[in-house]
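Printed here is protein.cif (mmCIF, C-alpha atoms):
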```cif
data_model
#
loop_
_atom_site.label_atom_id
_atom_site.label_comp_id
_atom_site.auth_asym_id
_atom_site.auth_seq_id
_atom_site.Cartn_x
_atom_site.Cartn_y
_atom_site.Cartn_z
CA MET A 1 64.39 17.26 -21.09
CA PRO A 2 66.51 14.25 -21.49
CA LYS A 3 64.75 11.01 -21.26
CA VAL A 4 64.94 9.78 -17.74
CA LYS A 5 64.95 6.09 -17.48
CA MET A 6 61.61 5.52 -16.02
CA PRO A 7 60.47 2.02 -15.67
CA ARG A 8 57.29 1.91 -17.68
CA LYS A 9 54.65 0.68 -15.35
CA SER A 10 51.63 -0.85 -16.89
CA THR A 11 48.43 0.96 -16.22
CA ASN A 12 46.57 -2.30 -16.19
CA ILE A 13 45.36 -3.37 -12.83
CA ASP A 14 44.37 -6.83 -12.02
CA MET A 15 40.62 -6.68 -12.08
CA THR A 16 40.10 -10.27 -11.08
CA ALA A 17 39.77 -9.55 -7.39
CA MET A 18 37.34 -6.72 -7.99
CA CYS A 19 35.37 -8.88 -10.32
CA ASP A 20 35.19 -11.56 -7.66
CA VAL A 21 33.82 -9.12 -5.13
CA ALA A 22 31.32 -7.73 -7.60
CA PHE A 23 29.93 -11.12 -8.42
CA LEU A 24 29.90 -12.20 -4.81
CA LEU A 25 27.72 -9.21 -3.99
CA LEU A 26 25.62 -9.84 -7.05
CA THR A 27 24.99 -13.41 -5.98
CA PHE A 28 24.13 -12.27 -2.49
CA PHE A 29 21.58 -9.74 -3.65
CA MET A 30 20.08 -12.10 -6.15
CA LEU A 31 19.58 -14.75 -3.52
CA ALA A 32 18.45 -12.32 -0.84
CA THR A 33 15.83 -10.76 -3.06
CA LYS A 34 12.50 -12.24 -2.27
CA PHE A 35 10.45 -12.21 -5.37
CA LYS A 36 6.92 -11.06 -5.12
CA PRO A 37 4.70 -14.10 -4.82
CA ASP A 38 2.46 -14.62 -7.77
CA GLU A 39 -0.84 -13.01 -7.24
CA PRO A 40 -3.98 -14.13 -8.97
CA VAL A 41 -4.98 -10.55 -9.66
CA THR A 42 -3.16 -7.33 -10.24
CA VAL A 43 -3.87 -4.74 -7.63
CA VAL A 44 -2.83 -1.12 -7.89
CA THR A 45 -2.71 0.20 -4.38
CA PRO A 46 -3.41 3.84 -3.59
CA SER A 47 -0.63 5.95 -2.19
CA SER A 48 -0.35 7.59 1.19
CA ILE A 49 2.28 9.46 3.15
CA ASN A 50 2.64 6.67 5.68
CA THR A 51 6.12 5.26 5.96
CA THR A 52 5.39 2.23 8.12
CA LEU A 53 6.72 -0.85 6.42
CA LEU A 54 4.59 -3.85 5.77
CA PRO A 55 5.98 -6.57 8.01
CA ASP A 56 7.26 -9.73 6.36
CA SER A 57 5.89 -12.23 8.79
CA ASP A 58 2.79 -12.77 10.88
CA VAL A 59 0.56 -11.20 8.31
CA LEU A 60 -2.89 -12.14 7.19
CA LEU A 61 -3.24 -10.46 3.87
CA PHE A 62 -6.58 -9.87 2.23
CA THR A 63 -6.24 -8.79 -1.35
CA VAL A 64 -9.23 -7.13 -2.93
CA ASP A 65 -9.23 -6.56 -6.66
CA LYS A 66 -11.08 -3.88 -8.53
CA ASP A 67 -14.20 -6.00 -8.93
CA GLY A 68 -14.30 -6.61 -5.21
CA ARG A 69 -13.11 -10.21 -5.20
CA VAL A 70 -11.35 -11.08 -1.98
CA PHE A 71 -8.29 -13.31 -1.83
CA PHE A 72 -6.64 -14.63 1.27
CA SER A 73 -2.99 -15.27 1.84
CA MET A 74 -0.73 -15.89 4.78
CA ASP A 75 2.98 -16.31 5.30
CA GLY A 76 4.69 -19.39 6.72
CA GLN A 77 4.27 -22.82 5.23
CA PRO A 78 3.72 -24.64 8.54
CA LYS A 79 0.97 -22.17 9.40
CA ARG A 80 -0.64 -22.59 6.02
CA ARG A 81 -0.57 -26.34 6.46
CA LYS A 82 -2.28 -26.08 9.81
CA LEU A 83 -4.90 -23.78 8.34
CA ILE A 84 -5.78 -26.03 5.45
CA GLU A 85 -5.85 -29.11 7.68
CA ASP A 86 -8.23 -27.35 10.06
CA LEU A 87 -10.45 -26.27 7.20
CA ASN A 88 -10.38 -29.76 5.77
CA THR A 89 -11.57 -31.42 8.95
CA GLN A 90 -14.06 -28.72 9.87
CA TYR A 91 -15.76 -28.43 6.51
CA LYS A 92 -15.22 -32.08 5.47
CA LEU A 93 -13.69 -31.01 2.20
CA GLY A 94 -11.96 -34.32 1.57
CA LEU A 95 -8.78 -32.74 0.30
CA ASP A 96 -5.99 -35.11 -0.60
CA GLU A 97 -2.32 -34.60 0.12
CA LYS A 98 -1.62 -33.08 -3.27
CA GLU A 99 -4.33 -30.46 -2.95
CA MET A 100 -3.19 -29.50 0.53
CA LYS A 101 0.35 -29.21 -0.73
CA ASN A 102 -0.94 -26.97 -3.47
CA PHE A 103 -2.38 -24.65 -0.86
CA VAL A 104 0.72 -24.71 1.34
CA VAL A 105 3.13 -23.69 -1.38
CA GLY A 106 0.68 -21.63 -3.38
CA ALA A 107 -0.11 -17.94 -3.25
CA SER A 108 -3.45 -16.35 -2.48
CA VAL A 109 -6.67 -18.25 -2.60
CA GLY A 110 -10.04 -16.81 -3.32
CA ALA A 111 -12.90 -19.23 -3.59
CA GLN A 112 -15.89 -20.35 -1.68
CA ILE A 113 -14.95 -22.95 0.87
CA LYS A 114 -17.16 -25.57 -0.77
CA ASP A 115 -15.28 -25.06 -4.03
CA LEU A 116 -11.89 -25.36 -2.40
CA LYS A 117 -11.29 -28.97 -3.41
CA GLN A 118 -11.81 -28.24 -7.07
CA TYR A 119 -9.97 -24.96 -6.74
CA LEU A 120 -6.87 -26.49 -5.24
CA SER A 121 -6.76 -29.39 -7.65
CA LEU A 122 -6.21 -27.03 -10.53
CA SER A 123 -3.18 -25.01 -11.44
CA GLU A 124 -3.32 -21.26 -11.32
CA GLU A 125 -3.93 -20.80 -15.03
CA GLN A 126 -6.64 -23.42 -15.02
CA ARG A 127 -8.40 -21.66 -12.17
CA LYS A 128 -8.63 -18.53 -14.21
CA THR A 129 -10.05 -20.28 -17.24
CA ALA A 130 -12.46 -22.34 -15.13
CA GLY A 131 -13.73 -19.13 -13.55
CA LEU A 132 -13.10 -20.33 -10.03
CA ASP A 133 -11.37 -17.14 -8.94
CA LYS A 134 -14.59 -15.80 -7.54
CA GLY A 135 -13.15 -14.50 -4.33
CA ILE A 136 -14.16 -15.21 -0.78
CA PRO A 137 -17.77 -14.24 -0.12
CA THR A 138 -17.98 -11.33 2.29
CA ASP A 139 -21.68 -10.73 2.67
CA SER A 140 -23.02 -10.93 6.15
CA ALA A 141 -25.35 -13.86 5.37
CA ASN A 142 -22.62 -16.44 4.77
CA GLY A 143 -19.55 -14.50 5.67
CA GLU A 144 -16.82 -16.96 4.86
CA LEU A 145 -14.34 -14.14 5.27
CA GLY A 146 -14.95 -14.34 9.00
CA ALA A 147 -14.17 -18.06 8.89
CA TRP A 148 -10.89 -17.37 7.10
CA ILE A 149 -9.94 -14.81 9.75
CA ASP A 150 -10.74 -17.30 12.49
CA TYR A 151 -8.77 -20.13 10.92
CA GLY A 152 -5.93 -17.79 10.10
CA ASN A 153 -5.83 -16.76 13.73
CA ALA A 154 -5.96 -20.35 14.90
CA ALA A 155 -3.01 -21.24 12.70
CA GLN A 156 -0.84 -18.53 14.24
CA GLY A 157 -0.41 -20.52 17.43
CA THR A 158 1.22 -18.65 20.26
CA ASN A 159 2.10 -15.31 18.69
CA LEU A 160 -1.46 -14.30 18.01
CA ASN A 161 -1.00 -10.78 19.34
CA LYS A 162 1.73 -10.08 16.80
CA VAL A 163 -0.52 -10.79 13.85
CA LYS A 164 -1.25 -7.94 11.52
CA TYR A 165 -4.34 -7.86 9.39
CA CYS A 166 -3.58 -6.24 6.12
CA ILE A 167 -6.01 -5.19 3.48
CA LYS A 168 -4.60 -4.62 0.06
CA ALA A 169 -7.25 -3.22 -2.18
CA ASP A 170 -7.23 -1.72 -5.61
CA ASN A 171 -7.81 1.94 -6.32
CA GLN A 172 -11.03 1.15 -8.11
CA THR A 173 -12.51 -1.17 -5.51
CA PRO A 174 -16.00 0.11 -4.70
CA TYR A 175 -16.35 1.43 -1.20
CA PRO A 176 -19.31 -0.76 -0.13
CA LYS A 177 -17.09 -3.82 -0.57
CA ILE A 178 -14.44 -2.29 1.67
CA LYS A 179 -17.11 -1.48 4.19
CA GLU A 180 -18.30 -5.09 4.22
CA ILE A 181 -14.78 -6.25 4.93
CA LEU A 182 -14.25 -3.66 7.63
CA ASP A 183 -17.55 -4.66 9.20
CA THR A 184 -16.47 -8.29 9.20
CA PHE A 185 -13.34 -7.34 11.09
CA LYS A 186 -15.39 -5.25 13.45
CA LYS A 187 -17.60 -8.22 14.21
CA LYS A 188 -14.51 -10.27 14.99
CA LYS A 189 -13.48 -7.52 17.42
CA ILE A 190 -10.38 -6.75 15.39
CA GLN A 191 -9.89 -3.04 15.50
CA LYS A 192 -6.35 -2.61 14.31
CA LEU A 193 -5.98 -3.03 10.60
CA ASN A 194 -3.34 -2.14 8.10
CA LEU A 195 -4.08 -0.82 4.67
CA VAL A 196 -1.37 -1.51 2.14
CA THR A 197 -0.37 1.62 0.27
CA ASN A 198 2.43 3.02 -1.80
CA LEU A 199 4.58 5.78 -0.50
CA GLU A 200 4.08 9.32 -1.66
CA GLU A 201 5.61 12.58 -0.52
CA ALA A 202 3.72 14.70 1.92
CA PRO A 203 2.54 17.77 0.00
CA LYS A 204 4.49 20.94 0.67
CA GLY A 205 3.27 23.36 3.27
CA THR A 206 1.11 20.94 5.20
CA ALA A 207 1.41 19.92 8.82
CA ALA A 208 2.87 16.52 7.99
CA TRP A 209 5.37 18.07 5.59
CA GLU A 210 6.56 20.56 8.18
CA GLU A 211 6.99 17.76 10.69
CA GLN A 212 9.09 15.82 8.22
CA GLN A 213 11.24 18.85 7.54
CA ALA A 214 11.75 19.48 11.25
CA GLY A 215 12.51 15.81 11.80
CA GLY A 216 15.01 15.84 8.95
CA LYS A 217 16.88 18.80 10.41
CA LYS A 218 17.23 17.22 13.82
CA LYS A 219 18.87 14.20 12.34
CA MET B 2 42.72 2.56 -21.91
CA ALA B 3 43.01 0.64 -25.06
CA GLU B 4 45.46 3.24 -26.39
CA MET B 5 47.68 2.94 -23.40
CA ASP B 6 47.84 -0.77 -23.81
CA THR B 7 49.12 -0.55 -27.37
CA SER B 8 51.67 2.12 -26.61
CA SER B 9 53.20 0.21 -23.76
CA SER B 10 53.41 -2.98 -25.70
CA GLY B 11 54.66 -1.11 -28.73
CA GLY B 12 57.39 0.50 -26.63
CA LYS B 13 58.51 -2.81 -25.41
CA GLY B 14 58.69 -4.11 -28.92
CA LYS B 15 60.88 -1.21 -30.04
CA LYS B 16 63.29 -1.59 -27.16
CA HIS B 17 63.95 -5.16 -27.96
CA GLY B 18 63.86 -4.38 -31.61
CA GLY B 19 63.84 -8.04 -32.40
CA THR B 20 61.03 -10.24 -33.46
CA LYS B 21 57.97 -8.56 -34.76
CA SER B 22 55.53 -11.25 -33.70
CA LYS B 23 53.42 -9.91 -30.89
CA LYS B 24 53.32 -11.80 -27.68
CA GLN B 25 49.72 -12.37 -26.96
CA SER B 26 48.86 -11.68 -23.40
CA THR B 27 46.83 -14.24 -21.55
CA ARG B 28 45.19 -11.49 -19.58
CA VAL B 29 41.67 -10.51 -20.34
CA ASP B 30 40.46 -7.02 -19.70
CA MET B 31 38.09 -7.51 -16.82
CA THR B 32 36.80 -3.93 -16.77
CA PRO B 33 33.60 -4.45 -18.75
CA MET B 34 32.81 -7.51 -16.72
CA VAL B 35 33.22 -5.63 -13.46
CA ASP B 36 31.10 -2.84 -14.89
CA LEU B 37 28.37 -5.27 -15.69
CA GLY B 38 28.67 -6.86 -12.29
CA PHE B 39 28.24 -3.61 -10.48
CA LEU B 40 25.43 -2.55 -12.73
CA LEU B 41 23.52 -5.67 -11.79
CA ILE B 42 24.31 -5.17 -8.12
CA THR B 43 22.96 -1.67 -8.27
CA PHE B 44 19.84 -2.93 -9.97
CA PHE B 45 19.19 -5.61 -7.38
CA MET B 46 19.94 -3.28 -4.51
CA LEU B 47 17.53 -0.67 -5.75
CA THR B 48 14.75 -3.07 -6.60
CA THR B 49 14.90 -4.84 -3.26
CA THR B 50 14.46 -1.67 -1.25
CA MET B 51 11.92 -0.05 -3.52
CA SER B 52 9.39 -2.81 -3.83
CA LYS B 53 8.57 -2.75 -0.13
CA PRO B 54 4.96 -1.76 0.26
CA LYS B 55 3.97 0.56 3.05
CA THR B 56 1.00 0.26 5.30
CA MET B 57 -1.42 2.65 6.81
CA ASP B 58 -2.70 1.92 10.26
CA LEU B 59 -6.43 1.95 10.56
CA ILE B 60 -7.90 1.60 13.98
CA MET B 61 -11.58 0.92 13.99
CA PRO B 62 -13.70 1.94 16.93
CA LYS B 63 -15.44 -0.61 19.05
CA ASP B 64 -19.11 -1.08 18.54
CA THR B 65 -20.79 0.58 21.45
CA GLU B 66 -24.38 -0.20 22.01
CA ASN B 67 -24.59 1.90 25.10
CA GLU B 68 -25.60 5.43 24.22
CA LYS B 69 -23.56 6.83 27.10
CA ASP B 70 -20.28 5.45 25.79
CA GLN B 71 -20.61 7.18 22.48
CA ASN B 72 -18.75 10.37 21.92
CA LYS B 73 -20.81 13.39 21.24
CA VAL B 74 -19.56 15.74 18.59
CA LYS B 75 -20.28 19.39 18.85
CA GLU B 76 -21.90 21.01 15.87
CA SER B 77 -19.35 23.81 15.92
CA THR B 78 -16.27 21.60 15.78
CA ALA B 79 -17.44 19.18 13.14
CA LEU B 80 -16.65 19.04 9.47
CA THR B 81 -18.49 16.46 7.43
CA ILE B 82 -16.89 15.18 4.25
CA LEU B 83 -18.80 13.11 1.74
CA LEU B 84 -17.15 11.02 -0.95
CA GLY B 85 -19.09 10.73 -4.15
CA LYS B 86 -18.54 9.11 -7.49
CA ASP B 87 -15.84 10.12 -9.99
CA ASN B 88 -13.53 11.26 -7.21
CA ARG B 89 -15.88 14.04 -6.16
CA VAL B 90 -15.84 15.33 -2.65
CA TYR B 91 -18.59 17.21 -0.88
CA TYR B 92 -18.40 18.81 2.47
CA TYR B 93 -20.34 20.88 4.90
CA GLU B 94 -19.62 22.30 8.29
CA GLY B 95 -21.34 20.81 11.24
CA LEU B 96 -23.35 17.64 11.41
CA ALA B 97 -26.45 18.73 9.53
CA GLN B 98 -28.76 17.53 12.25
CA ASP B 99 -30.92 20.51 11.56
CA PRO B 100 -33.13 19.58 8.59
CA ASN B 101 -33.42 23.22 7.58
CA ALA B 102 -29.69 23.56 7.19
CA SER B 103 -29.89 22.88 3.49
CA ALA B 104 -32.04 25.96 3.06
CA ASN B 105 -28.83 27.91 2.79
CA PRO B 106 -27.54 27.37 -0.75
CA ASP B 107 -23.92 27.78 0.38
CA PHE B 108 -24.26 25.05 2.95
CA PHE B 109 -23.48 22.00 0.87
CA LYS B 110 -20.35 22.46 -1.18
CA ALA B 111 -18.48 20.43 -3.72
CA THR B 112 -14.72 20.23 -4.11
CA SER B 113 -12.03 17.83 -5.23
CA PHE B 114 -8.88 16.04 -4.12
CA ALA B 115 -6.73 18.63 -5.91
CA ASN B 116 -3.63 19.78 -4.11
CA THR B 117 -4.63 23.42 -4.14
CA GLY B 118 -8.14 24.65 -3.77
CA GLY B 119 -9.30 21.16 -2.90
CA ILE B 120 -10.56 19.50 0.21
CA ARG B 121 -7.22 19.96 1.96
CA ASP B 122 -7.60 23.73 2.07
CA GLU B 123 -11.02 23.33 3.60
CA ILE B 124 -9.74 20.93 6.23
CA ILE B 125 -6.93 23.29 7.15
CA LYS B 126 -9.28 26.26 7.24
CA LYS B 127 -11.71 24.45 9.51
CA ARG B 128 -8.92 23.12 11.70
CA ASP B 129 -7.51 26.57 12.29
CA GLU B 130 -10.94 28.04 12.88
CA VAL B 131 -11.79 25.42 15.44
CA ALA B 132 -8.42 25.79 17.16
CA LYS B 133 -9.45 29.31 18.10
CA LEU B 134 -12.53 28.07 19.93
CA ARG B 135 -12.26 27.22 23.57
CA ASN B 136 -14.10 24.47 25.37
CA ALA B 137 -15.55 24.62 28.87
CA LYS B 138 -12.12 24.10 30.43
CA GLY B 139 -10.62 26.85 28.32
CA GLU B 140 -8.58 24.45 26.18
CA PRO B 141 -8.50 24.72 22.42
CA GLU B 142 -11.03 22.56 20.65
CA ASP B 143 -10.10 19.81 18.23
CA VAL B 144 -11.79 19.61 14.91
CA VAL B 145 -13.72 16.39 14.36
CA VAL B 146 -13.94 15.23 10.80
CA ILE B 147 -16.81 12.98 9.90
CA ILE B 148 -16.15 10.95 6.77
CA LYS B 149 -19.08 9.49 4.91
CA ALA B 150 -18.48 7.52 1.76
CA ASP B 151 -21.22 7.12 -0.78
CA ASP B 152 -21.76 3.74 -2.43
CA GLN B 153 -20.29 5.17 -5.62
CA ALA B 154 -17.00 6.03 -3.97
CA ASN B 155 -14.02 3.79 -4.44
CA TYR B 156 -11.23 2.61 -2.22
CA LYS B 157 -8.79 5.21 -3.51
CA ASN B 158 -11.05 8.02 -2.33
CA PHE B 159 -11.30 6.39 1.06
CA VAL B 160 -7.55 6.03 1.44
CA ASP B 161 -6.98 9.51 0.06
CA ILE B 162 -9.23 11.08 2.63
CA LEU B 163 -7.65 9.09 5.44
CA ASP B 164 -4.35 10.26 4.09
CA GLU B 165 -5.54 13.86 4.24
CA MET B 166 -6.17 13.28 7.93
CA ALA B 167 -2.58 12.12 8.30
CA ILE B 168 -1.25 14.96 6.17
CA ASN B 169 -3.04 17.62 8.15
CA ARG B 170 -2.54 15.86 11.47
CA ILE B 171 -6.22 15.66 12.28
CA GLN B 172 -6.38 13.67 15.48
CA ARG B 173 -10.06 12.99 15.60
CA TYR B 174 -11.96 11.62 12.68
CA ALA B 175 -14.60 9.01 12.18
CA THR B 176 -16.05 7.11 9.29
CA VAL B 177 -19.78 7.03 9.46
CA ASP B 178 -22.46 5.45 7.29
CA ILE B 179 -23.93 7.84 4.82
CA SER B 180 -27.46 9.00 5.53
CA ASP B 181 -30.31 9.27 3.06
CA GLN B 182 -30.31 13.01 3.52
CA ASP B 183 -26.65 13.16 2.47
CA LYS B 184 -27.36 11.04 -0.56
CA LYS B 185 -30.15 13.35 -1.55
CA TRP B 186 -27.86 16.33 -1.28
CA ILE B 187 -25.22 14.67 -3.40
CA GLN B 188 -27.78 13.84 -6.05
CA SER B 189 -29.20 17.32 -6.15
CA THR B 190 -25.73 18.84 -6.31
CA GLU B 191 -24.79 16.53 -9.14
CA ALA B 192 -27.97 17.41 -10.94
CA ALA B 193 -27.29 21.09 -10.46
CA ASN B 194 -23.79 20.71 -11.79
CA GLY B 195 -24.96 18.71 -14.74
CA VAL B 196 -22.76 15.85 -15.86
CA SER B 197 -19.59 17.91 -15.87
CA THR B 198 -16.68 15.87 -14.66
CA THR B 199 -14.79 18.88 -13.40
CA PRO B 200 -15.84 19.59 -9.87
CA THR B 201 -16.87 23.14 -9.18
CA PRO B 202 -14.30 25.16 -7.27
CA PRO B 203 -15.14 25.64 -3.64
CA ALA B 204 -17.16 28.72 -2.89
CA LYS B 205 -15.04 31.01 -0.86
#
```
Structure rendered as structure tokens:
Amino acid sequence: MPKVKMPRKSTNIDMTAMCDVAFLLLTFFMLATKFKPDEPVTVVTPSSINTTLLPDSDVLLFTVDKDGRVFFSMDGQPKRRKLIEDLNTQYKLGLDEKEMKNFVVGASVGAQIKDLKQYLSLSEEQRKTAGLDKGIPTDSANGELGAWIDYGNAAQGTNLNKVKYCIKADNQTPYPKIKEILDTFKKKKIQKLNLVTNLEEAPKGTAAWEEQQAGGKKK
Amino acid sequence: MAEMDTSSSGGKGKKHGGTKSKKQSTRVDMTPMVDLGFLLITFFMLTTTMSKPKTMDLIMPKDTENEKDQNKVKESTALTILLGKDNRVYYYEGLAQDPNASANPDFFKATSFANTGGIRDEIIKKRDEVAKLRNAKGEPEDVVVIIKADDQANYKNFVDILDEMAINRIQRYATVDISDQDKKWIQSTEAANGVSTTPTPPAK
């Protein structure tokens, strides 16, 4: 075959535009990703077949570690501010602005209310070394957990009925501790709770599995 | 790709046949950069969706002081599950209100959370058995599972058993405080089984 004069087109494409798009998306996802807030303790949650998502807002989260220490956290900085101000006036803690700020921007807290001033004046690492991460007492005699629930509720303002009470406990948490917490909620007439779990597949051949299969086919 | 680049530039050079000095292109090959970009995007996309924790709804019953308001559970429709230490599960049919019930050696049985031959099979068996029964109105009965956790049980056991309820679509279940009688049974069963960590297979 004689050589046809074919204009040799370069196989190079201009990648600049594609690169732009890629990095735009990258930036978006990086900024949109909400990093897990620092938690004072590591908690390995058990898994269940439930697929309900943990809501992002209006949540009172009670973290329970494997030794049964309870930590409280809540979303929304204005709400947290209201909570700590209420606590401050009610319990005459004498917190200064810096300590309150520490609570507002901080993660979970787990200390007796009388220790809060010292607790909040320290940084997170210092708390660990000072042994202040004792958790909120849950026993029925001086159930400060109940107080936290009350103040958490009070800080929610108008959308109180939207609030979810989540319990995030470790696999190894002893059951009596869980029972104490559940009893505290019961006393507060809170019946609807959420347990934070990981997702796992429904085992084959069970009722839930069959339902999922049937549901999948319909879609 | 790299080969193509050289051939095309080489071709050009031959056509002109002139100077041998290569004209350096100002273009940079963006391909690896785009690759990297998309790799990172994929990473962020996957991590954002996967780290979402799920929740399990738990609706606690109201405290009823009035005896009349409390639901009565029939002996025939009940299955009692006990959670012991080291992920052990014990169960018996009925409510064990009859103190002589334990006279039957097959009454109190031990099992595990295993996928096959574990507590799930027992729940399914009991559920199907009870579904055959008819109540006074002639409707099928619902099985009622009574969950009692021992002090030695941990949170994982508790969630696992609640999960079994969801898996097997048990509509009616209750968590009840463990009784001294149940504790005694657990202890005697543990003693009988020695300190073996492997739970005995359920007696069929």
Name the residues in contact with region 180-193 of chain A at a cut-off of 8 Å, using all atoms listed in the file, excluding same-chain residues fewer than 5 positions from it; report them as a short mmCIF file (atom, residue, chain, number, x, y, z; two decimals) with C-alpha atoms, in the frame of the given file.
```
data_model
loop_
_atom_site.label_atom_id
_atom_site.label_comp_id
_atom_site.auth_asym_id
_atom_site.auth_seq_id
_atom_site.Cartn_x
_atom_site.Cartn_y
_atom_site.Cartn_z
CA THR A 138 -17.98 -11.33 2.29
CA ASP A 139 -21.68 -10.73 2.67
CA SER A 140 -23.02 -10.93 6.15
CA GLY A 143 -19.55 -14.50 5.67
CA LEU A 145 -14.34 -14.14 5.27
CA GLY A 146 -14.95 -14.34 9.00
CA LYS A 164 -1.25 -7.94 11.52
CA TYR A 165 -4.34 -7.86 9.39
CA CYS A 166 -3.58 -6.24 6.12
CA ILE A 167 -6.01 -5.19 3.48
CA ASP B 58 -2.70 1.92 10.26
CA LEU B 59 -6.43 1.95 10.56
CA ILE B 60 -7.90 1.60 13.98
CA MET B 61 -11.58 0.92 13.99
CA PRO B 62 -13.70 1.94 16.93
CA LYS B 63 -15.44 -0.61 19.05
CA ASP B 64 -19.11 -1.08 18.54
#
```
So that each row is one residue of chain B with an atom at most 8 Å from chain A, can you give its shortest atom pair and the distance in Å to one decimal, using all atoms listed in the file, rows by chain and rising number, as a tab-separated table?
```
residue	atom	partner	partner_atom	distance
B:Met5	CA	A:Thr11	CA	7.5
B:Asp6	CA	A:Thr11	CA	7.8
B:Ser9	CA	A:Ser10	CA	7.1
B:Asp30	CA	A:Met15	CA	7.6
B:Met31	CA	A:Met15	CA	5.4
B:Thr32	CA	A:Met15	CA	6.6
B:Met34	CA	A:Cys19	CA	7.0
B:Val35	CA	A:Cys19	CA	5.0
B:Gly38	CA	A:Ala22	CA	5.5
B:Phe39	CA	A:Ala22	CA	5.9
B:Leu41	CA	A:Leu26	CA	6.7
B:Ile42	CA	A:Leu26	CA	5.0
B:Phe45	CA	A:Phe29	CA	6.1
B:Met46	CA	A:Phe29	CA	6.7
B:Thr49	CA	A:Thr33	CA	6.0
B:Lys53	CA	A:Leu53	CA	7.1
B:Pro54	CA	A:Asn198	CA	5.8
B:Lys55	CA	A:Leu53	CA	4.6
B:Thr56	CA	A:Val196	CA	4.3
B:Met57	CA	A:Leu195	CA	4.9
B:Asp58	CA	A:Asn194	CA	4.6
B:Leu59	CA	A:Leu193	CA	5.0
B:Ile60	CA	A:Lys192	CA	4.5
B:Met61	CA	A:Gln191	CA	4.6
B:Pro62	CA	A:Gln191	CA	6.4
B:Lys63	CA	A:Gln191	CA	7.0
B:Asp64	CA	A:Lys186	CA	7.6
B:Asn116	CA	A:Pro203	CA	7.7
B:Ala150	CA	A:Tyr175	CA	7.1
B:Asp151	CA	A:Tyr175	CA	7.5
B:Asp152	CA	A:Pro176	CA	5.6
B:Gln153	CA	A:Pro174	CA	6.7
B:Ala154	CA	A:Tyr175	CA	5.4
B:Asn155	CA	A:Pro174	CA	4.2
B:Tyr156	CA	A:Thr173	CA	5.2
B:Lys157	CA	A:Asn171	CA	4.4
B:Asn158	CA	A:Asn171	CA	8.0
B:Phe159	CA	A:Tyr175	CA	7.4
B:Val160	CA	A:Pro46	CA	6.9
B:Asp161	CA	A:Ser48	CA	7.0
B:Asp164	CA	A:Ser48	CA	5.6
B:Ala167	CA	A:Ala208	CA	7.0
B:Ile168	CA	A:Ala208	CA	4.8
B:Asn169	CA	A:Ala207	CA	5.1
B:Arg170	CA	A:Ala207	CA	6.3
```
Problem set entry | d(CA of Gln212 (chain A), CA of Ile125 (chain B)) in Å |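 Those two atoms sit 17.7 Å apart.
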For this session: Determine the residue membership of the PyMOL selection byres ((chain A and resi 71) around 10) for the file above and supply it as a list in words.
Result: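 Applied to this file, the PyMOL selection byres ((chain A and resi 71) around 10) returns Glu39, Pro40, Val41, Leu61, Phe62, Thr63, Val64, Asp65, Gly68, Arg69, Val70, Phe72, Ser73, Ala107, Ser108, Val109, Gly110, Ala111, Asp133, Lys134, Gly135, Ile136, Pro137, Leu145, Ile167 and Lys168 of chain A.
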Exercise. What is the distance, in Å and to one decimal place, between CA of Glu94 (chain B) and CA of Ala137 (chain B)?
Worked result: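 Value for the CA of Glu94 (chain B)-CA of Ala137 (chain B) distance: 21.1 Å.
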For this session: Mind checking which residues fall within 12 Å of Val90 (chain B), counting all atoms listed in the file, ignoring those fewer than 2 positions away in the same chain, and posting them as a PyMOL selection string?
Result: chain B and resi 81-88+92-93+109-115+119-121+123+148-151+153-155+158-159+161-162+187+190-191+199-203
Exercise. Ser123 (chain A): which residues within 12 Å, counting all atoms listed in the file, same-chain residues fewer than 2 positions away excluded, as a list in words?
Worked result: Pro40, Lys98, Glu99, Asn102, Phe103, Val105, Gly106, Ala107, Val109, Gln118, Tyr119, Leu120, Ser121, Glu125, Gln126, Arg127, Lys128, Thr129, Ala130, Leu132 and Asp133 of chain A
